[in-house]
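Following: one structure in structure tokens, then a few remarks.
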Amino acid sequence: MLSGRPEPLFNRLPPVVLMLTAIITIASTVQILSQSQLFLDRWIAAWMFDAGAIAGGPEFDGVYRPLGNIAPLILHVFLHGGIFHLAMNMMALVAFGPPVAIALGIDRKGAFAFLLFFAGCAISGALFQIGWSEFTGQSELAIGASSALSGFIPAVGWLRGGLKGAVRISVPWIVINIVIAVVGEFMASIIGIRLAWAAHIGGVAGGIVLFPLMLAVFNTRLWRLVKRL
């Protein structure tokens, strides 16, 4: 920054964060445009939902999934309920992604660790969502990257204050989602969609457990410092 002018935001983003943001944005834009039938046929969005949406509950038992039953545990992050939903999640990725990416390393090994952590949190969130649907017997679909991004909240907390920091920064988000669970039907009647609160809490749980493991494997020096906090 020789000129003294601030660098553009995208110049400061780790490449893996920029890449993931771009991929999710492109995939979700294709899905949203297909749903609206503006430029693309609606069957594209229908196939993307069949392949990637989290589906839990008796209504979806035995339903055909084009890419199998495991793929949706990760692929749901590439689908969104609209432009606002997509924008909110991408802003969260841009906000919480860089410190996590830098902590895991900005080389190829670190980028792999970042994507692995993102996928792990997505899987954790999806399993919580499916588990809740099976427990309650209520059939629900869930999409969006917020399952994985919820795991980035405790990851940032780990970096700032160890386990206590991870728990402390996660509590407000957990409380918000518990409130959403209690008033979910009322909120759904207002905004037209149900928020996947169980996926959010599952993502937080995944982040609390997985991030120290990732640090221990991919950035041992930083992990030694973090675990003393």
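Chain labels follow the order of the structure tokens: the first chain is A, the next B, and so on; residue numbering restarts at 1 in every chain, and ligands are counted from 1 in their shown order.
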
Exercise. If you run DSSP on this backbone, which residues of stretch 19-172 of chain A come out as strand (DSSP E or B), and could you give them as a list in words?
Worked result: Ile54, Ala55, Gly56, Glu140, Leu141 and Ala142 of chain A

What are the closest atom pairs, with distances in Å to one decimal, for each residue of stretch 102-208 of chain A lying within 12 Å of stretch 215-218 of chain A, using only C-alpha atoms, rows by chain and rising residue number, as CSV?
```
residue,atom,partner,partner_atom,distance
A:Ile102,CA,A:Leu215,CA,11.0
A:Ala103,CA,A:Leu215,CA,7.6
A:Leu104,CA,A:Phe218,CA,6.1
A:Gly105,CA,A:Phe218,CA,7.6
A:Ile106,CA,A:Phe218,CA,11.0
A:Asp107,CA,A:Phe218,CA,10.9
A:Arg108,CA,A:Phe218,CA,11.1
A:Lys109,CA,A:Phe218,CA,7.7
A:Gly110,CA,A:Phe218,CA,6.9
A:Ala111,CA,A:Phe218,CA,10.3
A:Phe112,CA,A:Phe218,CA,9.7
A:Ala113,CA,A:Phe218,CA,7.0
A:Phe114,CA,A:Phe218,CA,9.8
A:Leu116,CA,A:Phe218,CA,11.2
A:Phe117,CA,A:Leu215,CA,10.2
A:Ala155,CA,A:Leu215,CA,10.0
A:Trp158,CA,A:Leu215,CA,10.1
A:Leu159,CA,A:Leu215,CA,10.0
A:Gly162,CA,A:Leu215,CA,11.8
A:Gly207,CA,A:Leu215,CA,11.7
A:Ile208,CA,A:Leu215,CA,11.8
```

What's around A:Pro154 at 12 Å? Count only C-alpha atoms, leave out sequence neighbours fewer than 2 positions away in its own chain, and write the answer as a count of residues only.
42

*asked:* Using DSSP secondary structure from the backbone, list all alpha helix (DSSP H) positions within stretch 80-158 of chain A, as a PyMOL selection string.
replied: chain A and resi 83-104+108-136+146-149+152-158

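For the residues A:Pro98, A:Ala27, A:Leu115, A:Ile130, ranking by smallest atom-to-atom distance to A:Ile44 using only C-alpha atoms places A:Ala27 first.
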
From the list A:Ala119, A:Val175, A:Leu222, A:Ala199, the nearest residue to A:Leu141 using only C-alpha atoms is A:Ala199
